[in-house]
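Everything below belongs to work_29.tsv, which stores TSV, C-alpha atoms and all ligand atoms.
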chain	number	residue	atom	x	y	z
D	14	MET	CA	154.45	123.23	237.42
D	15	PRO	CA	152.67	126.47	238.28
D	16	LYS	CA	149.01	126.21	239.27
D	17	GLY	CA	146.56	128.81	237.93
D	18	PHE	CA	147.19	132.24	239.38
D	19	THR	CA	149.09	131.50	242.57
D	20	LEU	CA	152.15	133.26	243.93
D	21	GLU	CA	155.59	131.66	243.83
D	22	VAL	CA	157.97	134.59	243.64
D	23	ASN	CA	160.79	133.95	241.17
D	24	PRO	CA	164.30	134.64	242.50
D	25	PHE	CA	165.32	137.59	240.30
D	26	VAL	CA	163.61	140.77	241.49
D	27	TYR	CA	163.90	144.52	240.96
D	28	LEU	CA	163.71	147.55	243.21
D	29	ALA	CA	163.85	151.20	242.20
D	30	LYS	CA	163.71	154.13	244.61
D	31	TYR	CA	162.98	157.81	244.10
D	32	ASN	CA	165.53	159.86	246.02
D	33	GLU	CA	165.72	163.33	247.51
D	34	ASP	CA	167.87	164.49	244.59
D	35	GLY	CA	164.93	163.80	242.25
D	36	LYS	CA	166.56	160.75	240.64
D	37	TRP	CA	165.59	157.11	240.53
D	38	THR	CA	168.18	154.55	241.60
D	39	GLN	CA	167.68	150.88	240.87
D	40	GLU	CA	169.00	147.45	241.74
D	41	PHE	CA	168.35	143.87	240.69
D	42	LYS	CA	168.55	141.19	243.37
D	43	GLU	CA	168.96	137.47	243.25
D	44	LYS	CA	166.98	136.05	246.14
D	45	PRO	CA	167.71	132.63	247.70
D	46	HIS	CA	166.93	129.71	245.44
D	47	LEU	CA	167.87	126.21	244.35
D	48	SER	CA	167.23	124.92	240.85
D	49	LYS	CA	163.57	124.85	239.78
D	50	ASP	CA	163.57	121.03	239.82
D	51	GLU	CA	165.21	120.88	243.24
D	52	GLU	CA	162.66	123.34	244.58
D	53	GLU	CA	159.78	121.32	243.20
D	54	ALA	CA	161.15	118.24	244.96
D	55	MET	CA	161.48	120.00	248.35
D	56	PRO	CA	159.22	119.04	251.26
D	57	ALA	CA	156.24	121.44	251.26
D	58	GLU	CA	157.18	123.20	254.49
D	59	LYS	CA	160.79	123.86	253.43
D	60	ARG	CA	159.61	125.12	250.09
D	61	MET	CA	157.13	127.51	251.75
D	62	GLU	CA	159.98	128.87	253.86
D	63	LEU	CA	162.09	129.49	250.78
D	64	LEU	CA	159.23	131.14	248.91
D	65	HIS	CA	158.54	133.28	251.96
D	66	GLN	CA	162.14	134.50	251.92
D	67	ARG	CA	161.74	135.47	248.28
D	68	ASN	CA	158.57	137.40	249.11
D	69	SER	CA	160.28	139.32	251.94
D	70	PHE	CA	161.95	142.67	251.40
D	71	PRO	CA	163.47	143.83	254.68
D	72	GLU	CA	164.51	147.10	253.03
D	73	LEU	CA	160.85	148.08	252.65
D	74	PRO	CA	159.16	149.69	255.69
D	75	LEU	CA	156.08	147.85	256.88
D	76	VAL	CA	154.05	150.80	258.14
D	77	ASN	CA	153.53	153.32	255.39
D	78	TYR	CA	150.93	155.06	253.22
D	79	THR	CA	150.56	151.99	251.03
D	80	THR	CA	149.94	149.37	253.71
D	81	GLN	CA	147.83	151.69	255.90
D	82	TYR	CA	145.79	153.72	253.42
D	83	GLY	CA	146.06	151.95	250.09
D	84	MET	CA	148.21	154.71	248.55
D	85	GLY	CA	149.80	152.49	245.96
D	86	CYS	CA	149.35	151.31	242.41
D	87	PHE	CA	150.43	148.29	240.42
D	88	GLU	CA	150.60	146.63	237.04
D	89	GLY	CA	150.35	143.11	235.68
D	90	LEU	CA	151.85	141.85	232.44
D	91	LYS	CA	153.01	138.60	230.95
D	92	ALA	CA	156.01	137.12	229.16
D	93	PHE	CA	154.98	134.29	226.85
D	94	PRO	CA	157.16	131.30	225.90
D	95	GLN	CA	157.73	130.96	222.16
D	96	LYS	CA	158.34	127.92	219.97
D	97	ASN	CA	162.01	128.85	219.50
D	98	GLY	CA	162.60	128.78	223.26
D	99	SER	CA	162.62	132.55	223.78
D	100	LEU	CA	160.27	134.63	225.91
D	101	ARG	CA	158.41	137.67	224.60
D	102	VAL	CA	156.53	140.28	226.62
D	103	PHE	CA	153.11	141.58	225.52
D	104	ARG	CA	152.99	145.39	225.16
D	105	PRO	CA	155.13	146.37	228.18
D	106	ASP	CA	155.22	149.97	226.92
D	107	GLU	CA	151.45	150.18	227.54
D	108	ASN	CA	151.80	148.94	231.11
D	109	ALA	CA	154.66	151.41	231.59
D	110	LYS	CA	152.44	154.30	230.49
D	111	ARG	CA	149.55	153.15	232.68
D	112	MET	CA	151.86	152.84	235.71
D	113	GLU	CA	153.08	156.39	235.07
D	114	THR	CA	149.46	157.59	234.85
D	115	SER	CA	148.53	155.74	238.06
D	116	MET	CA	151.48	157.19	239.99
D	117	LYS	CA	150.62	160.69	238.78
D	118	GLY	CA	147.00	160.01	239.73
D	119	LEU	CA	148.21	159.33	243.28
D	120	TYR	CA	150.32	162.55	243.18
D	121	MET	CA	153.53	160.54	243.40
D	122	PRO	CA	156.71	161.08	241.41
D	123	ALA	CA	156.04	158.99	238.30
D	124	PHE	CA	158.30	156.14	237.30
D	125	PRO	CA	159.83	156.73	233.83
D	126	PRO	CA	158.28	154.39	231.23
D	127	GLU	CA	161.69	153.57	229.64
D	128	MET	CA	163.00	152.37	233.01
D	129	PHE	CA	159.85	150.31	233.48
D	130	VAL	CA	160.18	148.48	230.15
D	131	GLU	CA	163.91	147.82	230.63
D	132	ALA	CA	163.34	146.48	234.14
D	133	VAL	CA	160.52	144.15	233.03
D	134	LYS	CA	162.74	142.72	230.30
D	135	LYS	CA	165.65	142.24	232.70
D	136	VAL	CA	163.49	140.60	235.38
D	137	VAL	CA	162.13	138.11	232.84
D	138	ALA	CA	165.58	137.46	231.33
D	139	GLY	CA	167.24	137.19	234.75
D	140	ASN	CA	164.78	134.56	235.91
D	141	LYS	CA	165.21	132.68	232.67
D	142	ARG	CA	168.97	132.61	233.25
D	143	LEU	CA	168.29	131.06	236.67
D	144	GLY	CA	165.98	128.45	235.14
D	145	PHE	CA	162.68	130.00	236.32
D	146	TYR	CA	160.62	130.31	233.16
D	147	PRO	CA	157.80	128.58	231.27
D	148	VAL	CA	158.67	126.29	228.36
D	149	TYR	CA	156.53	126.23	225.20
D	150	ASP	CA	154.40	123.11	224.78
D	151	PRO	CA	153.03	122.50	221.24
D	152	GLU	CA	149.97	120.80	222.80
D	153	TRP	CA	148.72	124.20	224.01
D	154	GLU	CA	147.82	125.28	220.50
D	155	LYS	CA	145.25	122.47	220.17
D	156	GLU	CA	143.33	123.94	223.12
D	157	ASP	CA	143.53	127.55	221.90
D	158	PHE	CA	146.34	128.21	224.41
D	159	ASN	CA	143.77	128.15	227.21
D	160	PHE	CA	146.15	125.89	229.12
D	161	GLY	CA	149.28	127.81	228.19
D	162	HIS	CA	151.76	128.92	230.81
D	163	ALA	CA	153.43	132.30	231.09
D	164	SER	CA	155.55	134.38	233.39
D	165	TYR	CA	153.50	137.07	235.13
D	166	VAL	CA	155.32	140.24	236.14
D	167	ARG	CA	153.87	142.35	238.93
D	168	PRO	CA	155.34	145.86	239.26
D	169	PHE	CA	154.02	147.96	242.15
D	170	SER	CA	154.68	151.18	244.00
D	171	TYR	CA	155.42	151.24	247.71
D	172	SER	CA	155.66	154.31	249.90
D	173	GLU	CA	158.29	155.40	252.40
D	174	GLY	CA	157.59	154.68	256.08
D	175	ALA	CA	154.92	156.95	257.54
D	176	ILE	CA	151.87	157.14	259.76
D	177	GLY	CA	149.02	159.58	259.20
D	178	LEU	CA	147.46	160.42	255.85
D	179	GLY	CA	149.89	161.48	253.21
D	180	ILE	CA	151.28	161.19	249.74
D	181	ALA	CA	154.34	159.09	248.92
D	182	ARG	CA	157.17	161.50	248.09
D	183	PHE	CA	159.98	158.97	247.85
D	184	PRO	CA	158.34	155.76	246.63
D	185	TRP	CA	159.86	152.50	245.58
D	186	VAL	CA	158.85	150.62	242.48
D	187	VAL	CA	159.25	146.89	243.04
D	188	MET	CA	158.94	144.20	240.39
D	189	VAL	CA	158.46	140.53	241.13
D	190	SER	CA	157.35	137.73	238.85
D	191	THR	CA	155.68	134.37	239.22
D	192	GLY	CA	154.87	131.49	236.91
D	193	VAL	CA	151.21	131.28	235.90
D	194	GLY	CA	149.82	127.98	234.76
D	195	ALA	CA	146.76	126.74	232.98
D	196	TYR	CA	143.88	129.14	233.28
D	197	PHE	CA	140.90	126.97	234.13
D	198	MET	CA	137.54	128.24	233.04
D	199	ALA	CA	134.80	128.04	235.61
D	200	ASP	CA	132.38	125.17	234.89
D	201	LYS	CA	129.82	127.80	234.05
D	202	PRO	CA	131.27	131.21	233.19
D	203	SER	CA	128.23	133.16	234.32
D	204	ALA	CA	128.05	136.75	235.51
D	205	VAL	CA	125.70	138.75	237.69
D	206	THR	CA	125.31	142.50	238.07
D	207	THR	CA	126.27	143.78	241.48
D	208	ASN	CA	124.68	146.63	243.42
D	209	MET	CA	128.11	147.57	244.78
D	210	ILE	CA	129.83	150.60	243.28
D	211	ARG	CA	133.39	150.22	242.07
D	212	ALA	CA	134.06	153.76	240.93
D	213	ASN	CA	132.37	157.13	240.79
D	214	HIS	CA	133.15	160.25	238.79
D	215	ASN	CA	136.11	162.29	240.03
D	216	GLY	CA	137.46	159.27	241.87
D	217	THR	CA	140.18	156.75	241.05
D	218	GLY	CA	138.41	154.23	238.79
D	219	TRP	CA	140.56	155.20	235.79
D	220	ILE	CA	143.89	154.26	237.40
D	221	LYS	CA	145.19	150.92	238.58
D	222	CYS	CA	145.45	151.76	242.25
D	223	ASP	CA	145.28	149.35	245.18
D	224	ALA	CA	142.21	150.98	246.70
D	225	ASN	CA	140.00	150.13	243.71
D	226	TYR	CA	140.31	146.43	244.40
D	227	VAL	CA	138.55	146.41	247.77
D	228	VAL	CA	135.01	146.79	246.43
D	229	ALA	CA	135.87	144.72	243.34
D	230	THR	CA	136.99	141.79	245.48
D	231	LEU	CA	133.94	142.01	247.75
D	232	ALA	CA	131.57	142.11	244.77
D	233	LYS	CA	133.29	139.14	243.14
D	234	LYS	CA	133.10	137.15	246.38
D	235	GLN	CA	129.39	137.94	246.66
D	236	ALA	CA	128.87	136.81	243.06
D	237	ASN	CA	130.84	133.60	243.69
D	238	ALA	CA	128.79	132.89	246.81
D	239	GLN	CA	125.65	133.09	244.65
D	240	GLY	CA	127.18	130.64	242.16
D	241	PHE	CA	128.35	133.14	239.52
D	242	MET	CA	131.87	133.43	238.18
D	243	GLU	CA	132.03	137.20	237.80
D	244	ALA	CA	130.40	140.40	239.06
D	245	ILE	CA	129.52	143.16	236.63
D	246	PHE	CA	129.53	146.76	237.77
D	247	LEU	CA	126.99	149.29	236.58
D	248	ASP	CA	127.64	153.03	236.53
D	249	ALA	CA	127.29	154.83	239.84
D	250	CYS	CA	124.98	157.65	238.66
D	251	ASP	CA	122.23	156.09	236.56
D	252	ARG	CA	122.75	152.49	237.79
D	253	LYS	CA	121.98	151.47	234.24
D	254	TYR	CA	125.09	151.39	232.07
D	255	VAL	CA	127.56	148.51	232.14
D	256	GLU	CA	131.09	149.47	233.18
D	257	GLU	CA	133.36	146.45	233.71
D	258	GLY	CA	133.98	143.27	235.70
D	259	SER	CA	135.91	142.92	238.96
D	260	SER	CA	139.28	142.98	237.18
D	261	CYS	CA	138.41	142.84	233.50
D	262	ASN	CA	136.79	144.85	230.73
D	263	ILE	CA	133.71	143.59	228.91
D	264	PHE	CA	132.57	143.25	225.29
D	265	PHE	CA	129.21	142.50	223.69
D	266	LEU	CA	128.58	141.24	220.19
D	267	LEU	CA	125.08	142.48	219.37
D	268	ASN	CA	122.47	140.98	217.07
D	269	ASP	CA	123.24	143.67	214.48
D	270	GLY	CA	126.82	142.32	214.23
D	271	SER	CA	128.52	145.21	216.00
D	272	LEU	CA	130.97	144.67	218.82
D	273	VAL	CA	130.44	147.10	221.70
D	274	THR	CA	132.51	147.84	224.78
D	275	PRO	CA	131.74	150.54	227.35
D	276	GLU	CA	133.47	153.81	226.53
D	277	LEU	CA	136.29	154.88	228.82
D	278	GLY	CA	135.74	157.80	231.12
D	279	ASP	CA	137.07	158.31	234.61
D	280	THR	CA	135.40	155.22	236.08
D	281	ILE	CA	136.72	152.38	233.89
D	282	LEU	CA	140.23	150.99	233.80
D	283	PRO	CA	141.70	151.32	230.29
D	284	GLY	CA	142.67	147.68	229.80
D	285	ILE	CA	145.51	146.84	227.47
D	286	THR	CA	143.75	143.67	226.36
D	287	ARG	CA	140.64	145.80	225.70
D	288	LYS	CA	142.63	148.17	223.51
D	289	SER	CA	144.23	145.23	221.68
D	290	ILE	CA	140.90	143.47	221.06
D	291	ILE	CA	139.40	146.67	219.63
D	292	GLN	CA	142.35	146.85	217.23
D	293	ILE	CA	142.14	143.15	216.26
D	294	ALA	CA	138.36	143.34	215.77
D	295	ARG	CA	138.59	146.45	213.57
D	296	ASP	CA	141.38	144.79	211.58
D	297	MET	CA	139.07	141.78	211.07
D	298	GLY	CA	136.45	144.16	209.67
D	299	ILE	CA	134.10	143.95	212.64
D	300	LYS	CA	132.24	147.17	213.39
D	301	THR	CA	133.53	148.01	216.86
D	302	GLU	CA	132.11	150.76	219.04
D	303	GLU	CA	133.13	152.27	222.35
D	304	ARG	CA	129.96	153.71	223.80
D	305	LYS	CA	127.62	153.63	226.74
D	306	ILE	CA	125.63	150.41	226.77
D	307	ALA	CA	122.67	149.86	229.09
D	308	ILE	CA	122.25	146.52	230.84
D	309	GLU	CA	118.74	146.26	229.32
D	310	GLU	CA	120.25	146.52	225.81
D	311	VAL	CA	122.74	143.78	226.72
D	312	LEU	CA	119.98	141.48	227.97
D	313	SER	CA	117.88	141.94	224.83
D	314	GLU	CA	120.51	142.42	222.10
D	315	ALA	CA	123.75	140.63	222.98
D	316	LYS	CA	124.51	137.32	221.29
D	317	GLU	CA	128.10	136.86	222.51
D	318	VAL	CA	129.73	138.29	225.62
D	319	PHE	CA	133.32	138.10	226.79
D	320	VAL	CA	135.61	139.76	229.31
D	321	THR	CA	139.22	140.75	228.70
D	322	GLY	CA	142.29	141.09	230.89
D	323	THR	CA	145.90	140.05	231.22
D	324	ALA	CA	145.06	137.03	233.41
D	325	ALA	CA	142.80	135.21	230.97
D	326	GLY	CA	143.15	137.11	227.72
D	327	ILE	CA	139.56	136.57	226.65
D	328	SER	CA	136.96	134.64	228.67
D	329	TYR	CA	133.49	134.18	227.31
D	330	ILE	CA	130.48	134.78	229.54
D	331	ASP	CA	127.63	132.33	229.04
D	332	SER	CA	124.92	134.33	230.81
D	333	ILE	CA	124.22	137.53	232.69
D	334	THR	CA	121.72	137.79	235.52
D	335	HIS	CA	120.34	141.20	236.40
D	336	GLU	CA	117.61	141.82	238.97
D	337	GLY	CA	116.48	138.21	238.75
D	338	LYS	CA	116.35	138.10	234.92
D	339	THR	CA	118.88	135.90	233.12
D	340	ALA	CA	119.94	136.18	229.50
D	341	GLU	CA	121.94	133.29	228.03
D	342	PHE	CA	124.31	133.91	225.14
D	343	ASN	CA	125.08	131.54	222.26
D	344	ASN	CA	123.51	128.56	224.07
D	345	GLY	CA	126.10	128.86	226.79
D	346	LYS	CA	129.05	128.25	224.43
D	347	ILE	CA	131.82	130.50	223.22
D	348	GLY	CA	130.65	132.34	220.09
D	349	ASP	CA	132.44	132.28	216.75
D	350	ILE	CA	133.58	135.91	216.85
D	351	SER	CA	134.73	135.63	220.48
D	352	HIS	CA	136.64	132.47	219.55
D	353	GLU	CA	138.25	134.12	216.52
D	354	LEU	CA	139.37	137.07	218.64
D	355	LEU	CA	140.68	134.72	221.34
D	356	ILE	CA	142.79	132.61	218.99
D	357	THR	CA	144.12	135.71	217.27
D	358	LEU	CA	145.19	137.37	220.52
D	359	LYS	CA	146.69	134.21	222.05
D	360	GLY	CA	148.23	133.22	218.71
D	361	ILE	CA	150.08	136.55	218.62
D	362	GLN	CA	151.14	136.20	222.26
D	363	TYR	CA	152.50	132.65	221.88
D	364	GLY	CA	154.00	133.35	218.47
D	365	ALA	CA	151.65	131.01	216.57
D	366	LYS	CA	150.29	133.93	214.55
D	367	GLU	CA	152.09	136.82	212.93
D	368	ASP	CA	152.62	139.75	215.30
D	369	LYS	CA	151.18	142.13	212.73
D	370	PHE	CA	150.75	145.05	215.13
D	371	GLY	CA	154.28	144.78	216.56
D	372	TRP	CA	153.12	144.13	220.12
D	373	MET	CA	155.58	141.48	221.25
D	374	VAL	CA	158.87	142.56	222.79
D	375	ASP	CA	161.99	140.40	223.03
D	376	VAL	CA	163.90	140.15	226.28
D	377	GLU	CA	167.67	140.12	225.91
D	378	GLU	CA	168.98	136.80	227.09
J	1	LIG	N1	139.72	146.35	234.63
J	1	LIG	C1	140.27	146.18	235.83
J	1	LIG	C2	139.61	146.80	237.02
J	1	LIG	C3	141.47	145.43	235.96
J	1	LIG	O1	142.02	145.24	237.16
J	1	LIG	C4	142.06	144.87	234.81
J	1	LIG	C5	143.33	144.07	234.92
J	1	LIG	N2	144.46	144.91	234.84
J	1	LIG	C6	141.45	145.10	233.56
J	1	LIG	C7	140.28	145.83	233.51
J	1	LIG	C8	142.05	144.57	232.30
J	1	LIG	O2	143.22	145.27	232.00
J	1	LIG	P1	144.41	144.59	231.17
J	1	LIG	O3	143.81	144.13	229.92
J	1	LIG	O4	145.39	145.70	230.98
J	1	LIG	O5	144.94	143.49	232.01

Just give me the structure as structure tokens.
Amino acid sequence: MPKGFTLEVNPFVYLAKYNEDGKWTQEFKEKPHLSKDEEEAMPAEKRMELLHQRNSFPELPLVNYTTQYGMGCFEGLKAFPQKNGSLRVFRPDENAKRMETSMKGLYMPAFPPEMFVEAVKKVVAGNKRLGFYPVYDPEWEKEDFNFGHASYVRPFSYSEGAIGLGIARFPWVVMVSTGVGAYFMADKPSAVTTNMIRANHNGTGWIKCDANYVVATLAKKQANAQGFMEAIFLDACDRKYVEEGSSCNIFFLLNDGSLVTPELGDTILPGITRKSIIQIARDMGIKTEERKIAIEEVLSEAKEVFVTGTAAGISYIDSITHEGKTAEFNNGKIGDISHELLITLKGIQYGAKEDKFGWMVDVEE
């Protein structure tokens, strides 16, 4: 059984390569494996060895622009098990577009979105054929799918071998997947503003590139060390407006009943969950705004706060601490609107609610 968000690379993987003739070539590979049950019964050390083999790609050069200078980008998306035994992927076309944007943002040849979507579907289906997939459990629904499992697909770019600063001209796009298990909420899902700066104007904050995650990880670690679950970034210029979390977007339900999320610019990652929640909220008749929102307004006016991202879907935030002042939201519990949005999103993903926006994509099996 997969634990939280840990890596156990599934056997069926994908590699595409951009060639000198300007074309992408691709291959699917079946890495060494036993059956899932046999692997789970293996002695820990043997199992580690096997998983290490699956996470090794001797065809990829170790020293390159990606490993040395962070010139790479990636995506993260999930396939959800359904009651009828199938797996469906949430909005892979959106991840495909964002990957294309990220690669262009790094001046690389961009990976065609159609190839991306097809490859994701085949990776998920291929692993299912080999027995590496999550099985729907009706118990999950009782807990709002907070303990639901999924298959997480991680596509990423990887440059050709090189030393010295440069741009990848002949990149690979690799896709691996891993099971993700129950997402455990922190005991206290609290957040604190950080004085670190994730992104500045005219930088790379708007794409999903490797380099953005250095500061984000450091800020989150600092927040964790102070006893908070998440770090919240403020804008780099005024140090006043809320931007996002370490790897999630953020929403505020204000006392006037409006739902507000920071507007996108060139410093915030356009989350696919964010976009979906805006659509669900508007469909539910909630006044939803994308605009600048100052931390002081949040502290005085917010009554529910939640963050969004592929990993957790929606996670409520019980309090925010900023410069020593703490505001608590909804007595530290998930609010009604946040809960409604959460069960709608997860219901669509696990097939318990109608997919009224046409977001879920079948994988051919
Ligand atoms: N912001 C950042 C910085 C992220 O890394 C992520 C996760 N991809 C998100 C927001 C949420 O994006 P999504 O909903 O597409 O997962």

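Using all atoms listed in the file, the nearest neighbour of ligand LIG 1 (chain J) within the list D:Glu154, D:Glu173, D:Glu43, D:Glu257 is D:Glu257.
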
Is it possible to get the axis-aligned box enclosing region 48-59 of chain D (all listed atoms, 6 Å extra per side) as lines of an AutoDock Vina configuration file, with centre and edge lengths in Å rounded to one decimal?
center_x = 161.7
center_y = 121.6
center_z = 247.1
size_x = 23.0
size_y = 18.7
size_z = 26.7

Using all atoms listed in the file, which of the listed residues (D:Ala29, D:Cys261, D:Ala212, D:Ile347) sits closest to Glu243 (chain D)?
-> D:Cys261

Let me have all residues with an atom within 9 Å of ligand LIG 1 (chain J), counting only C-alpha atoms and all ligand atoms, laid out as number ranges by chain.
-> D: 87-90, 107-108, 111, 211, 218-222, 225-226, 229, 257-263, 281-289, 320-326

Closest of D:Thr191, D:Thr207, D:Asn140, D:Ser328 to Phe18 (chain D) - atom-to-atom distances counting all atoms listed in the file =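 Comparing D:Thr191, D:Thr207, D:Asn140, D:Ser328 against Phe18 (chain D), the winner is D:Thr191.
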
Within 10 Å of region 122-129 of chain D, which residues of region 24-71 of chain D show up? Give each one with its shortest atom-to-atom distance in Å (one decimal) and the two atoms involved, counting all atoms listed in the file, rows by chain then rising residue number, as CSV.
residue,atom,partner,partner_atom,distance
D:Ala29,CA,D:Phe124,CA,8.9
D:Lys30,CA,D:Phe124,CA,9.3
D:Tyr31,CA,D:Pro122,CA,7.6
D:Gly35,CA,D:Pro122,CA,8.7
D:Lys36,CA,D:Pro122,CA,9.9
D:Trp37,CA,D:Phe124,CA,8.0
D:Gln39,CA,D:Met128,CA,9.3

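Note that CA of Thr280 (chain D) and CA of Asn215 (chain D) are 8.1 Å apart.
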
Among listed residues D:His214, D:Lys44, D:Lys233, D:His335, nearest Phe70 (chain D) (using all atoms listed in the file) =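 Of D:His214, D:Lys44, D:Lys233, D:His335, the one nearest Phe70 (chain D) is D:Lys44, counting all atoms listed in the file.
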
Surrounding residues of Gln81 (chain D) excluding itself and chain neighbours under 3 positions, 12 Å, all atoms listed in the file, as a list in words = Pro74, Leu75, Val76, Asn77, Tyr78, Met84, Gly85, Tyr171, Ser172, Glu173, Gly174, Ala175, Ile176, Gly177, Leu178, Gly179, Ile180, Asp223 and Ala224 of chain D

Atomic distance CA of Thr79 (chain D) - CA of Lys117 (chain D), expressed in Å with one decimal | 15.0 Å

Using only C-alpha atoms, which of D:Val255, D:Leu47, D:Ala315, D:Ile361 sits nearest Arg104 (chain D)?
-> D:Ile361

Please determine the residues with any atom at most 12 Å from (154.9, 120.4, 222.3) (coordinates as given in the file, with only C-alpha atoms counting) and report them as a PyMOL selection string.
-> chain D and resi 94-98+148-155+158+161

By how many Å are CA of Lys338 (chain D) and CA of Ala294 (chain D) apart?
-> 29.6 Å

Shell of 9 Å around region 19-22 of chain D, only C-alpha atoms, local chain residues under 2 positions omitted, as a list in words |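 Near neighbours after the sequence-gap exclusion: Pro15, Lys16, Gly17, Pro24, Phe25, Val26, Leu64, His65, Arg67, Asn68, Val189, Ser190, Thr191, Gly192, Val193 and Gly194 of chain D.
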
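Between Asn23 (chain D) and the candidates D:Pro105, D:Gly144, D:Pro71, D:Gly337, the tightest atom-to-atom separation, counting only C-alpha atoms, involves D:Gly144.
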
Please provide as a compact mmCIF listing (two decimals) with C-alpha atoms, keeping the file's coordinate frame all residues within 8 Å of Lys201 (chain D), with the sequence filter that same-chain residues fewer than 4 positions apart are discarded (counting all atoms listed in the file).
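As written to disk, result-v9.txt reads:
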# COMPACT_ATOMS: atom_id res chain seq x y z
CA PHE D 241 128.35 133.14 239.52
CA MET D 242 131.87 133.43 238.18
CA ASP D 331 127.63 132.33 229.04

Mind checking which residues fall within 9 Å of Leu354 (chain D), counting all atoms listed in the file, ignoring those fewer than 3 positions away in the same chain, and posting them as a PyMOL selection string?
-> chain D and resi 290+293-294+297+327+349-351+357-359

Contact residues around Val311 (chain D) with only C-alpha atoms at 9 Å, ignoring same-chain residues under 4 positions, as a list in words = Val255, Phe265, Leu267, Ile306, Ala307, Ala315, Lys316, Val318, Ile333 and Ala340 of chain D

Just-selected residues, C-alpha atoms written as a PDB file, in the frame of the given file:
ATOM      1  CA  VAL D 255     127.560 148.510 232.140  1.00  0.00           C
ATOM      2  CA  PHE D 265     129.210 142.500 223.690  1.00  0.00           C
ATOM      3  CA  LEU D 267     125.080 142.480 219.370  1.00  0.00           C
ATOM      4  CA  ILE D 306     125.630 150.410 226.770  1.00  0.00           C
ATOM      5  CA  ALA D 307     122.670 149.860 229.090  1.00  0.00           C
ATOM      6  CA  ALA D 315     123.750 140.630 222.980  1.00  0.00           C
ATOM      7  CA  LYS D 316     124.510 137.320 221.290  1.00  0.00           C
ATOM      8  CA  VAL D 318     129.730 138.290 225.620  1.00  0.00           C
ATOM      9  CA  ILE D 333     124.220 137.530 232.690  1.00  0.00           C
ATOM     10  CA  ALA D 340     119.940 136.180 229.500  1.00  0.00           C
TER      11      ALA D 340
END

Output file: region 323-327 of chain D, all heavy atoms, as a short mmCIF file (atom, residue, chain, number, x, y, z; two decimals), in the first residue's frame:
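Contents of out.cif, freshly written:
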data_model
loop_
_atom_site.label_atom_id
_atom_site.label_comp_id
_atom_site.auth_asym_id
_atom_site.auth_seq_id
_atom_site.Cartn_x
_atom_site.Cartn_y
_atom_site.Cartn_z
N THR D 323 -2.44 19.63 -6.96
CA THR D 323 -2.68 18.25 -7.36
C THR D 323 -2.50 17.28 -6.19
O THR D 323 -3.26 16.32 -6.05
CB THR D 323 -1.71 17.88 -8.51
OG1 THR D 323 -2.01 18.73 -9.60
CG2 THR D 323 -1.84 16.43 -8.93
N ALA D 324 -1.49 17.53 -5.34
CA ALA D 324 -1.19 16.58 -4.26
C ALA D 324 -2.40 16.39 -3.35
O ALA D 324 -2.83 15.27 -3.11
CB ALA D 324 0.01 17.06 -3.46
N ALA D 325 -2.96 17.49 -2.84
CA ALA D 325 -4.01 17.36 -1.83
C ALA D 325 -5.40 17.68 -2.36
O ALA D 325 -6.39 17.43 -1.67
CB ALA D 325 -3.70 18.27 -0.66
N GLY D 326 -5.48 18.27 -3.52
CA GLY D 326 -6.77 18.77 -3.99
C GLY D 326 -7.04 20.09 -3.31
O GLY D 326 -6.57 21.14 -3.75
N ILE D 327 -7.77 20.01 -2.18
CA ILE D 327 -8.01 21.20 -1.36
C ILE D 327 -7.60 20.86 0.07
O ILE D 327 -7.97 19.82 0.57
CB ILE D 327 -9.52 21.56 -1.34
CG1 ILE D 327 -9.96 22.08 -2.71
CG2 ILE D 327 -9.83 22.57 -0.25
CD1 ILE D 327 -11.42 22.48 -2.75
#
